[in-house]
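Report on one structure; see the data block that follows.
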Amino acid sequence: MRVLLGITGGIAAYKATGIIRGFTEAGHSVKVIPTANALRFIGATTLEALSHNTVDSDLYTDVDSVKHVALGQEADLVVVAPASAAFLARFAAGLADDLLLNALLVTKAPVLVAPAMHTEMWQNPATVANVATLRARGVTVLDPASGRLTGADTGPGRLPEAEAIVGLGLSLAAAQGAGILAGKHILVTAGGTQEAIDPVRFIGNRSSGKQGVAIALAAIAAGAKVTLIGANLEVSTSGIANVISVNTAEQLHDQVDLLLASTDVLIMAAAVADYRVANPLPEKIKRSVAGEHLELSLVANPDILAESVLRVKNENLKTTVVGFAAETAGSLERLATLASVKLASKGCHMIVANDVSQGQVFGADHTSAYLLSQTGESALSQGTKQQVASQIVNFVAGQMSAAADILDQ
Ligand code: CTP
């Protein structure tokens with residue numbers, strides 16, 4: 001998605017760096033347009049480095065590309081943060097005397113404005129009227145946060161947190177139908193199942209759910225309707241509206257089974273226990289009773305991924321099925337080999353293979369993954385789990401139409 005970020009002149013302009021980071025880390029391209037006054041507070045070099053895009057806010061350069069029109073037309077989302085009182089007045093009046101205001105008059109994309117100023121300026125009747133005018137025209141104007149302001153004073157006027165601005169911007173764009181997965185229902189499983197031994201003990205695994213939750217958020221950012229089935233998640237699911245919590249592999253199996261037919265893509269990021277205790281005990285096992293040897297009898301759990309692939313084939317479902325493979329590979333070559341073996345054995349459309357040797361991946365913020373599809377397309381994805389999640393979502397979206405024919409063969 002293409003995000004146009006306007007920055008106006010105010011002390012909070014430096015906080016725009018967090019907003020640029022939030023959008024780029026979620027895989028979106030950011031074009032920054034600072035006003036001339038914004039450049040008194042933050043340098044164009046910083047903005048260029050973080051956005052990986054040139055910054056030129058002069059209305060009268062590069063005129064042959066008609067950029068004052070093109071920027072607004074090409075944007076999927078426009079965010080102005082921080083927005084000064086002067087900017088709100090000029091935007092409400094429909095002025096078009098700089099590049100940012102020109103782009104705003106042209107764009108049909110959702111516009112999110114995050115004001116930041118002193119409390120008195122925010123509460124001034126002129127500002128109140130300008131905000132009301134903009135809201136009446138469909139612009140989303142955030143209320144500023146309360147707290148310490150530039151001077152010794154406190155009150156409403158602070159720029160809201162970057163995460164909140166990015167999150168709201170992404171949901172506005174998704175609601176507008178922007179994004180490569182617009183109109184698609186994506187089912188993501190995340191976390192690790194727990195299989196009871198007795199009421200206090202279980203067989204579990206090291207999955208935190210971080211990667212699966214990041215994929216769910218990236219799919220939402222790509223415009224999809226997402227259902228997350230979370231097994232014992234250790235991370236927050238804020239920003240995901242539909243979350244189903246499960247504990248065991250059998251519960252996860254039942255939920256996937258229920259939703260599979262209405263799902264465009266199933267992404268099985270959860271670490272599912274292959275075995276469960278045959279007869280979990282209703283009371284806590286006591287060492288004084290069990291003695292020095294305790295034998296547990298395990299029975300196989302359903303292979304949810306394999307069963308889903310089978311249902312897609314047998315029932316002629318249109319669901320694209322994406323499996324994960326946690327492999328102790330040690331090298332990229334070996335990871336690629338193991339990924340193709342796993343893809344063949346599971347029969348799904350795509351596989352995301354992680355190298356988990358030497359404690360990599362589980363619970364960590366950075367990861368690398370080798371993506372492979374039945375069409376033979378592959379990609380190596382590295383970075384934060386958010387970046388890898390966006391790359392996985394892009395890869396899946398790119399492969400979806402090709403995938404539809406493969407299981408038919
Ligand atoms: N999976 C599943 N049901 C299971 C076990 C695993 O749906 N009972 C899914 C996982 O969610 C993942 C994929 O299968 O998407 C790969 O799991 P993996 O870690 O490779 O385990 P196994 O399939 O058991 O393969 P291995 O032979 O390596 O143990």
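Labeling convention for the structure tokens: chains A, B, ... as they appear, residues from 1 per chain, ligands from 1 in order of appearance.
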Using only C-alpha atoms and all ligand atoms, determine which residues fall within 6 Å of ligand 1, then list them as a PyMOL selection string. chain A and resi 268-274+301-305+323-326
May I have the selected residues written with N, CA, C and O atoms, as a compact mmCIF listing (two decimals), in the first residue's frame?
# COMPACT_ATOMS: atom_id res chain seq x y z
N MET A 268 -1.33 -22.03 8.50
CA MET A 268 -1.14 -22.86 9.70
C MET A 268 0.19 -22.55 10.37
O MET A 268 1.15 -23.32 10.28
N ALA A 269 0.23 -21.40 11.05
CA ALA A 269 1.49 -21.02 11.73
C ALA A 269 1.59 -21.65 13.12
O ALA A 269 2.66 -21.59 13.73
N ALA A 270 0.51 -22.24 13.62
CA ALA A 270 0.55 -22.80 14.98
C ALA A 270 1.47 -24.01 15.05
O ALA A 270 1.60 -24.77 14.08
N ALA A 271 2.10 -24.16 16.20
CA ALA A 271 2.90 -25.36 16.46
C ALA A 271 1.96 -26.35 17.15
O ALA A 271 1.56 -26.14 18.30
N VAL A 272 1.59 -27.37 16.40
CA VAL A 272 0.57 -28.31 16.88
C VAL A 272 1.26 -29.56 17.43
O VAL A 272 2.13 -30.13 16.77
N ALA A 273 0.85 -29.97 18.62
CA ALA A 273 1.44 -31.20 19.19
C ALA A 273 1.01 -32.39 18.35
O ALA A 273 -0.18 -32.55 18.07
N ASP A 274 1.97 -33.20 17.93
CA ASP A 274 1.63 -34.37 17.13
C ASP A 274 1.00 -35.48 17.96
O ASP A 274 0.33 -36.35 17.43
N ASN A 301 -2.32 -37.01 17.38
CA ASN A 301 -3.35 -36.00 17.13
C ASN A 301 -3.64 -35.97 15.64
O ASN A 301 -2.82 -36.41 14.84
N PRO A 302 -4.79 -35.41 15.25
CA PRO A 302 -5.02 -35.25 13.80
C PRO A 302 -3.97 -34.33 13.20
O PRO A 302 -3.51 -33.40 13.86
N ASP A 303 -3.55 -34.62 11.98
CA ASP A 303 -2.67 -33.69 11.24
C ASP A 303 -3.60 -32.69 10.55
O ASP A 303 -4.20 -32.98 9.51
N ILE A 304 -3.76 -31.53 11.16
CA ILE A 304 -4.77 -30.56 10.73
C ILE A 304 -4.46 -30.06 9.32
O ILE A 304 -5.35 -29.94 8.47
N LEU A 305 -3.18 -29.81 9.07
CA LEU A 305 -2.77 -29.31 7.75
C LEU A 305 -3.08 -30.34 6.67
O LEU A 305 -3.71 -30.02 5.65
N GLY A 323 1.33 -24.09 4.81
CA GLY A 323 1.87 -24.79 5.97
C GLY A 323 3.16 -24.16 6.45
O GLY A 323 3.82 -23.41 5.71
N PHE A 324 3.53 -24.46 7.68
CA PHE A 324 4.80 -24.01 8.24
C PHE A 324 5.67 -25.23 8.53
O PHE A 324 5.15 -26.30 8.81
N ALA A 325 6.96 -25.04 8.45
CA ALA A 325 7.86 -26.13 8.79
C ALA A 325 8.95 -25.57 9.70
O ALA A 325 9.65 -24.64 9.33
N ALA A 326 9.02 -26.09 10.91
CA ALA A 326 10.09 -25.70 11.83
C ALA A 326 11.18 -26.76 11.69
O ALA A 326 10.98 -27.91 12.08
Spatial neighbours of range 24-39 of chain A, max dist 8 Å, only C-alpha atoms, sep filter under 5 positions, as a PyMOL selection string: chain A and resi 1-10+13+44+47-48+51-57+98-100+218+221+384+386-387+389-391
Counting only C-alpha atoms, figure out which residue out of A:Val200, A:Ser171, A:Ile165, A:Thr154 gets nearest to Ala222 in chain A. A:Ser171
Would you kindly return, as a compact mmCIF listing (two decimals) with all heavy atoms, in the first residue's frame, each protein, DNA or RNA residue with an atom no farther than 9 Å from any atom of Leu88 in chain A, considering only C-alpha atoms and excluding same-chain residues fewer than 2 positions away?
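Result file follows (result21.txt):
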# COMPACT_ATOMS: atom_id res chain seq x y z
N ALA A 83 -0.43 17.43 12.97
CA ALA A 83 -1.13 18.49 12.25
C ALA A 83 -1.23 19.71 13.17
O ALA A 83 -1.75 19.61 14.28
CB ALA A 83 -2.53 18.01 11.85
N SER A 84 -0.69 20.83 12.72
CA SER A 84 -0.71 22.05 13.53
C SER A 84 -2.08 22.74 13.41
O SER A 84 -2.87 22.44 12.49
CB SER A 84 0.38 23.01 13.05
OG SER A 84 0.10 23.40 11.72
N ALA A 85 -2.34 23.71 14.29
CA ALA A 85 -3.58 24.49 14.22
C ALA A 85 -3.65 25.24 12.89
O ALA A 85 -4.71 25.31 12.24
CB ALA A 85 -3.64 25.48 15.39
N ALA A 86 -2.50 25.77 12.44
CA ALA A 86 -2.47 26.51 11.17
C ALA A 86 -2.81 25.60 10.00
O ALA A 86 -3.56 25.97 9.09
CB ALA A 86 -1.08 27.13 10.97
N ARG A 90 -5.92 25.87 7.27
CA ARG A 90 -5.71 25.96 5.82
C ARG A 90 -6.41 24.80 5.10
O ARG A 90 -6.99 24.97 4.03
CB ARG A 90 -4.21 26.01 5.52
CG ARG A 90 -3.61 27.32 6.03
CD ARG A 90 -2.12 27.26 6.23
NE ARG A 90 -1.41 27.20 4.98
CZ ARG A 90 -0.45 26.31 4.70
NH1 ARG A 90 -0.09 25.44 5.62
NH2 ARG A 90 0.13 26.32 3.54
N PHE A 91 -6.36 23.61 5.71
CA PHE A 91 -7.01 22.44 5.10
C PHE A 91 -8.53 22.64 5.09
O PHE A 91 -9.21 22.39 4.08
CB PHE A 91 -6.61 21.18 5.89
CG PHE A 91 -7.05 19.87 5.27
CD1 PHE A 91 -7.35 19.76 3.91
CD2 PHE A 91 -7.15 18.72 6.06
CE1 PHE A 91 -7.75 18.53 3.36
CE2 PHE A 91 -7.55 17.51 5.52
CZ PHE A 91 -7.86 17.42 4.17
N ALA A 92 -9.07 23.14 6.22
CA ALA A 92 -10.53 23.36 6.31
C ALA A 92 -10.98 24.43 5.31
O ALA A 92 -12.09 24.37 4.77
CB ALA A 92 -10.91 23.76 7.74
N ALA A 93 -10.09 25.40 5.04
CA ALA A 93 -10.45 26.47 4.09
C ALA A 93 -10.28 26.02 2.64
O ALA A 93 -10.66 26.75 1.71
CB ALA A 93 -9.58 27.70 4.36
N VAL A 113 -5.94 12.60 10.14
CA VAL A 113 -5.21 13.77 10.62
C VAL A 113 -5.03 13.64 12.14
O VAL A 113 -5.99 13.39 12.86
CB VAL A 113 -6.00 15.06 10.28
CG1 VAL A 113 -5.37 16.27 10.96
CG2 VAL A 113 -6.04 15.26 8.77
N PRO A 115 -3.82 15.85 15.10
CA PRO A 115 -3.37 17.17 15.56
C PRO A 115 -2.48 17.09 16.81
O PRO A 115 -2.59 16.16 17.60
CB PRO A 115 -4.67 17.91 15.90
CG PRO A 115 -5.76 17.10 15.28
CD PRO A 115 -5.28 15.69 15.28
N THR A 127 -10.25 26.55 16.00
CA THR A 127 -9.77 25.18 15.76
C THR A 127 -10.93 24.19 15.86
O THR A 127 -11.05 23.28 15.03
CB THR A 127 -8.67 24.82 16.78
OG1 THR A 127 -7.66 25.82 16.72
CG2 THR A 127 -8.05 23.46 16.48
N ASN A 130 -12.80 24.31 12.70
CA ASN A 130 -12.06 23.71 11.59
C ASN A 130 -12.10 22.18 11.65
O ASN A 130 -12.27 21.51 10.63
CB ASN A 130 -10.60 24.19 11.61
CG ASN A 130 -10.51 25.67 11.24
OD1 ASN A 130 -11.34 26.17 10.47
ND2 ASN A 130 -9.51 26.36 11.77
N VAL A 131 -11.96 21.65 12.88
CA VAL A 131 -12.00 20.19 13.05
C VAL A 131 -13.39 19.68 12.66
O VAL A 131 -13.52 18.66 11.96
CB VAL A 131 -11.63 19.80 14.51
CG1 VAL A 131 -11.95 18.34 14.79
CG2 VAL A 131 -10.15 20.09 14.76
N LEU A 134 -13.73 19.59 8.89
CA LEU A 134 -12.99 18.48 8.28
C LEU A 134 -13.70 17.15 8.53
O LEU A 134 -13.83 16.32 7.64
CB LEU A 134 -11.55 18.44 8.82
CG LEU A 134 -10.67 19.62 8.38
CD1 LEU A 134 -9.33 19.60 9.11
CD2 LEU A 134 -10.44 19.57 6.87
Exercise: Gly376 in chain A partners within 12 Å, only C-alpha atoms, chain neighbours under 3 positions left out, as a list in words: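 So the residues in contact are Ala336, Ala339, Ser340, Leu343, Ala344, His349, Met350, Ile351, Leu371, Leu372, Ser373, Ala379, Gln399, Ala402, Ala403 and Ile406 of chain A.
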Just to be explicit: take each residue in the selection above, keep N, CA, C and O atoms, and write the result as a PDB file, in the first residue's frame.
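Saved file selection_3.pdb follows:
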ATOM      1  N   ALA A 336      16.202 -25.057   2.321  1.00  0.00           N
ATOM      2  CA  ALA A 336      15.468 -25.121   1.053  1.00  0.00           C
ATOM      3  C   ALA A 336      15.112 -26.572   0.712  1.00  0.00           C
ATOM      4  O   ALA A 336      13.997 -26.864   0.273  1.00  0.00           O
ATOM      5  N   ALA A 339      12.398 -27.730   3.064  1.00  0.00           N
ATOM      6  CA  ALA A 339      11.127 -27.076   2.719  1.00  0.00           C
ATOM      7  C   ALA A 339      10.467 -27.802   1.564  1.00  0.00           C
ATOM      8  O   ALA A 339       9.247 -28.035   1.577  1.00  0.00           O
ATOM      9  N   SER A 340      11.260 -28.198   0.574  1.00  0.00           N
ATOM     10  CA  SER A 340      10.616 -28.840  -0.575  1.00  0.00           C
ATOM     11  C   SER A 340      10.151 -30.251  -0.231  1.00  0.00           C
ATOM     12  O   SER A 340       9.119 -30.709  -0.716  1.00  0.00           O
ATOM     13  N   LEU A 343       6.927 -29.630   1.713  1.00  0.00           N
ATOM     14  CA  LEU A 343       5.856 -29.191   0.802  1.00  0.00           C
ATOM     15  C   LEU A 343       5.260 -30.398   0.079  1.00  0.00           C
ATOM     16  O   LEU A 343       4.043 -30.529  -0.040  1.00  0.00           O
ATOM     17  N   ALA A 344       6.150 -31.282  -0.365  1.00  0.00           N
ATOM     18  CA  ALA A 344       5.679 -32.475  -1.079  1.00  0.00           C
ATOM     19  C   ALA A 344       4.904 -33.390  -0.138  1.00  0.00           C
ATOM     20  O   ALA A 344       3.836 -33.903  -0.501  1.00  0.00           O
ATOM     21  N   HIS A 349      -0.380 -25.791  -0.684  1.00  0.00           N
ATOM     22  CA  HIS A 349       0.010 -24.923  -1.796  1.00  0.00           C
ATOM     23  C   HIS A 349       1.357 -24.257  -1.562  1.00  0.00           C
ATOM     24  O   HIS A 349       2.110 -24.012  -2.486  1.00  0.00           O
ATOM     25  N   MET A 350       1.615 -23.903  -0.303  1.00  0.00           N
ATOM     26  CA  MET A 350       2.844 -23.166   0.023  1.00  0.00           C
ATOM     27  C   MET A 350       3.376 -23.615   1.363  1.00  0.00           C
ATOM     28  O   MET A 350       2.606 -24.029   2.236  1.00  0.00           O
ATOM     29  N   ILE A 351       4.678 -23.470   1.529  1.00  0.00           N
ATOM     30  CA  ILE A 351       5.279 -23.783   2.828  1.00  0.00           C
ATOM     31  C   ILE A 351       6.175 -22.623   3.250  1.00  0.00           C
ATOM     32  O   ILE A 351       6.822 -21.996   2.409  1.00  0.00           O
ATOM     33  N   LEU A 371      10.349 -19.286   1.725  1.00  0.00           N
ATOM     34  CA  LEU A 371       8.978 -19.491   1.245  1.00  0.00           C
ATOM     35  C   LEU A 371       9.026 -20.249  -0.070  1.00  0.00           C
ATOM     36  O   LEU A 371       9.799 -19.897  -0.964  1.00  0.00           O
ATOM     37  N   LEU A 372       8.204 -21.273  -0.164  1.00  0.00           N
ATOM     38  CA  LEU A 372       8.214 -22.093  -1.385  1.00  0.00           C
ATOM     39  C   LEU A 372       6.782 -22.470  -1.750  1.00  0.00           C
ATOM     40  O   LEU A 372       5.991 -22.861  -0.885  1.00  0.00           O
ATOM     41  N   SER A 373       6.464 -22.331  -3.033  1.00  0.00           N
ATOM     42  CA  SER A 373       5.095 -22.677  -3.452  1.00  0.00           C
ATOM     43  C   SER A 373       5.139 -23.830  -4.449  1.00  0.00           C
ATOM     44  O   SER A 373       6.183 -24.123  -5.040  1.00  0.00           O
ATOM     45  N   ALA A 379      11.153 -17.595  -2.157  1.00  0.00           N
ATOM     46  CA  ALA A 379      11.664 -16.298  -1.697  1.00  0.00           C
ATOM     47  C   ALA A 379      12.296 -16.492  -0.340  1.00  0.00           C
ATOM     48  O   ALA A 379      11.849 -17.327   0.450  1.00  0.00           O
ATOM     49  N   GLN A 399       0.623 -15.580  -5.036  1.00  0.00           N
ATOM     50  CA  GLN A 399       0.528 -16.977  -5.481  1.00  0.00           C
ATOM     51  C   GLN A 399      -0.907 -17.486  -5.517  1.00  0.00           C
ATOM     52  O   GLN A 399      -1.160 -18.576  -6.014  1.00  0.00           O
ATOM     53  N   ALA A 402      -2.551 -18.632  -8.873  1.00  0.00           N
ATOM     54  CA  ALA A 402      -1.872 -19.816  -9.414  1.00  0.00           C
ATOM     55  C   ALA A 402      -2.215 -21.040  -8.583  1.00  0.00           C
ATOM     56  O   ALA A 402      -2.437 -22.132  -9.096  1.00  0.00           O
ATOM     57  N   ALA A 403      -2.322 -20.821  -7.248  1.00  0.00           N
ATOM     58  CA  ALA A 403      -2.560 -21.931  -6.335  1.00  0.00           C
ATOM     59  C   ALA A 403      -3.913 -22.577  -6.575  1.00  0.00           C
ATOM     60  O   ALA A 403      -4.079 -23.780  -6.398  1.00  0.00           O
ATOM     61  N   ILE A 406      -3.777 -25.712  -8.686  1.00  0.00           N
ATOM     62  CA  ILE A 406      -2.812 -26.783  -8.472  1.00  0.00           C
ATOM     63  C   ILE A 406      -3.399 -28.043  -7.852  1.00  0.00           C
ATOM     64  O   ILE A 406      -3.166 -29.137  -8.324  1.00  0.00           O
TER      65      ILE A 406
END
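Backbone DSSP over range 288-337 of chain A gives helix (DSSP H, G or I) for Ser288, Val289, Ala290, Ile304, Leu305, Ala306, Glu307, Ser308, Val309, Leu310, Arg311, Val312, Lys313, Asn314, Leu332, Glu333, Arg334, Leu335, Ala336 and Thr337 of chain A.
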Just to be explicit: take each residue in the selection above, keep C-alpha atoms, and write the result as a PDB file, in the first residue's frame.
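Output contents, as saved in selection26.pdb:
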ATOM      1  CA  SER A 288       4.809 -40.254  46.254  1.00  0.00           C
ATOM      2  CA  VAL A 289       2.349 -42.493  44.422  1.00  0.00           C
ATOM      3  CA  ALA A 290       3.998 -42.667  40.937  1.00  0.00           C
ATOM      4  CA  ILE A 304      -4.770 -30.559  10.727  1.00  0.00           C
ATOM      5  CA  LEU A 305      -2.768 -29.312   7.754  1.00  0.00           C
ATOM      6  CA  ALA A 306      -2.866 -32.629   5.896  1.00  0.00           C
ATOM      7  CA  GLU A 307      -6.589 -33.069   6.638  1.00  0.00           C
ATOM      8  CA  SER A 308      -7.331 -29.550   5.390  1.00  0.00           C
ATOM      9  CA  VAL A 309      -5.461 -30.227   2.138  1.00  0.00           C
ATOM     10  CA  LEU A 310      -7.490 -33.399   1.709  1.00  0.00           C
ATOM     11  CA  ARG A 311     -10.781 -31.583   2.288  1.00  0.00           C
ATOM     12  CA  VAL A 312      -9.825 -28.848  -0.192  1.00  0.00           C
ATOM     13  CA  LYS A 313      -9.238 -31.546  -2.819  1.00  0.00           C
ATOM     14  CA  ASN A 314     -12.208 -33.771  -2.006  1.00  0.00           C
ATOM     15  CA  LEU A 332      19.993 -22.042   3.776  1.00  0.00           C
ATOM     16  CA  GLU A 333      20.664 -24.878   1.285  1.00  0.00           C
ATOM     17  CA  ARG A 334      19.483 -27.489   3.775  1.00  0.00           C
ATOM     18  CA  LEU A 335      16.479 -25.336   4.736  1.00  0.00           C
ATOM     19  CA  ALA A 336      15.468 -25.121   1.053  1.00  0.00           C
ATOM     20  CA  THR A 337      15.784 -28.903   0.680  1.00  0.00           C
TER      21      THR A 337
END
